[in-house]
Amino acid sequence: MYSFSRKELIDILKDNSLNDWLFSFADKVRRENVGDEVHLRGLIEFSNICKCQCNYCGLRSPNKNIERYRIAPDDIIFYAQKAVEMGYKTIVLQSGEDEFYSCDVMCEIIKGIKNFDCALTLSIGERSFEDYKAFKDCGADRYLIRIETTDRELYKKMHPYMDFDNRVRCLKDLKTLGYEVGTGCLVGLPEQTLESLADDVLFFKEIDADMIGIGPFIAHPQTPLKDSANGNFILALKVMALTRILLKTINIPATTAMETLNPNGRIIALQSGANVVMPNVTLQNFSSKYEIYPDKSSLSDRDEAECIIKSIGRTISKGYGFRSNS
Ligand code: SAM
Ligand code: SF4
């Protein structure tokens with residue numbers, strides 16, 4: 001069991017001369033604990049309508065320069081079925097916080113998808129304990145909700161009208177209900193410190209997250225952060241590698257934001273601790289409108305994903321991809 005103190009985490013984040021060691025150590029920990037298999041998750045971004053105002057996100061409600069869409073429940077189930085037929089063993093449903101998808105509507109979608117042979121992950125934001133319980137009772141297996149940052153002050157600045165404690169409450173409720181829980185952070189938010197990134201990694205460990213998504217912040221022109229610098233790819237990779245070393249058996253995606261900032265980002269992430277890739281399985285027409293940040297480098301072709309994975313000597317998992325028990 002590897003462990004780093006807060007000070008050690010900060011020192012590693014500060015010191016770029018350790019990067020080669022860090023990335024190959026994380027790759028070794030990944031290989032020894034979750035093996036060479038990569039899990040493919042079929043991602044359905046089913047609505048870009050959102051009532052929230054996260055300052056970094058292109059889907060925030062005040063953004064009027066975006067064509068909004070909502071995929072009908074039956075169509076979501078249809079896309080999921082097609083994805084399962086293509087070989088996906090996990091479907092991920094992601095959206096803005098869109099109240100059209102009430103608890104009852106979500107339950108119908110979940111039940112429809114769970115008729116197919118797949119695990120189901122939801123990523124639809126903050127809901128009540130009762131909603132999360134209803135989704136679980138209908139068969140949802142996993143839930144992704146990033147804490148975004150554990151720096152309370154920064155959280156407040158980034159999320160008008162949202163409450164850090166409620167975000168943590170969501171994560172705890174999901175754990176209590178028996179979901180596999182995913183969280184994660186943005187790297188490179190304005191005013192974010194290396195100290196707070198070290199705290200983020202320690203938070204992931206403390207709540208014993210089953211999945212962690214780390215993405216560099218990418219400035220969106222129709223948000224209050226339009227003039228901020230993008231996050232740093234290498235720093236995001238370092239946070240991801242440290243997370244792999246501390247939470248050795250979890251699932252970690254090579255995120256789209258990494259590929260967007262670096263043309264080889266997905267492969268580099270897979271070689272620095274990641275073991276999951278999430279191709280988009282909806283129509284290009286929808287994924288191009290799900291513009292959380294500009295030039296989003298969506299991967300939509302399963303064959304292309306397989307090619308990338310095989311090119312680095314890795315294999316595609318045929319399992320459901322739950323957290324490894326080893
Ligand atoms: N609405 C749900 C939520 O916020 O949990 C799920 C969808 S939201 C678009 C998924 C993730 O996108 C967020 O957790 C956030 O970290 C990421 N994101 C949003 N805007 C971003 C940006 N400008 N750069 C990088 N990642 C961003
Ligand atoms: Fe909405 Fe999620 Fe974007 Fe925040 S990050 S504005 S909750 S879609």
# chains A, B, ... in the order shown; residues from 1 in each chain; ligands from 1
>>> residues_near_ligand(ligand="ligand 2", cutoff="7 Å", atoms="only C-alpha atoms and all ligand atoms", output="list of chain:residue names")
A:Asn48, A:Cys50, A:Lys51, A:Cys52, A:Gln53, A:Cys54, A:Cys57, A:Gly58, A:Leu59, A:Arg60, A:Ser61, A:Ser95, A:Gly96, A:Glu97, A:Gly125, A:Ile292
>>> select_by_dssp(residues="stretch 10-193 of chain A", states="strand (DSSP E)", output="ChimeraX atom specification")
/A:37-40,42-47,90-95,119-123,142-144,180-187
>>> closest_residue(among="A:Tyr56, A:Tyr132, A:Tyr155, A:Tyr143", to="ligand 1", atoms="only C-alpha atoms and all ligand atoms")
A:Tyr56
>>> residues_near_ligand(ligand="ligand 1", cutoff="9 Å", atoms="only C-alpha atoms and all ligand atoms", output="PyMOL selection string")
chain A and resi 45+48+50+52+54-60+94-98+122-126+144-148+183-187+189+213-220+223+225+230-231+256-258+290-294
>>> closest_atom_pairs(of="stretch 21-129 of chain A", to="stretch 232-245 of chain A", cutoff="8 Å", atoms="only C-alpha atoms", output="tab-separated table")
residue	atom	partner	partner_atom	distance
A:Leu22	CA	A:Ala241	CA	6.8
A:Phe23	CA	A:Ala241	CA	6.1
A:Phe25	CA	A:Ile245	CA	7.6
A:Ala26	CA	A:Ala241	CA	5.2
A:Asp27	CA	A:Ala241	CA	7.9
A:Val29	CA	A:Ile245	CA	6.2
A:Arg30	CA	A:Arg244	CA	6.8
>>> residues_around(residues="A:Asp75", least_positions_apart="3", cutoff="12 Å", atoms="only C-alpha atoms", output="PyMOL selection string")
chain A and resi 44-47+70-72+78-82+109+112-113+282-283
>>> write_last_selection(atoms="C-alpha atoms", output="mmCIF file, in the first residue's frame")
data_model
loop_
_atom_site.group_PDB
_atom_site.id
_atom_site.type_symbol
_atom_site.label_atom_id
_atom_site.label_comp_id
_atom_site.auth_asym_id
_atom_site.auth_seq_id
_atom_site.Cartn_x
_atom_site.Cartn_y
_atom_site.Cartn_z
ATOM 1 C CA ILE A 44 -24.822 9.224 -24.086
ATOM 2 C CA GLU A 45 -24.933 12.995 -23.534
ATOM 3 C CA PHE A 46 -28.710 13.163 -23.536
ATOM 4 C CA SER A 47 -29.440 16.806 -22.655
ATOM 5 C CA ARG A 70 -32.991 17.081 -25.111
ATOM 6 C CA ILE A 71 -33.135 13.457 -26.297
ATOM 7 C CA ALA A 72 -36.492 11.743 -25.762
ATOM 8 C CA PHE A 78 -32.628 3.110 -28.320
ATOM 9 C CA TYR A 79 -29.082 4.566 -28.352
ATOM 10 C CA ALA A 80 -28.218 2.452 -25.334
ATOM 11 C CA GLN A 81 -29.496 -0.680 -27.059
ATOM 12 C CA LYS A 82 -27.420 0.063 -30.161
ATOM 13 C CA ILE A 109 -35.105 5.233 -18.786
ATOM 14 C CA GLY A 112 -35.502 0.352 -20.156
ATOM 15 C CA ILE A 113 -31.707 0.269 -20.378
ATOM 16 C CA THR A 282 -24.987 9.418 -29.726
ATOM 17 C CA LEU A 283 -25.155 11.165 -33.082
#
>>> select_by_dssp(residues="stretch 203-254 of chain A", states="alpha helix (DSSP H)", output="PyMOL selection string")
chain A and resi 203-206+233-246
>>> closest_residue(among="A:Ser102, A:Gln222, A:Thr176, A:Thr149", to="A:Gln192", atoms="only C-alpha atoms")
A:Thr149
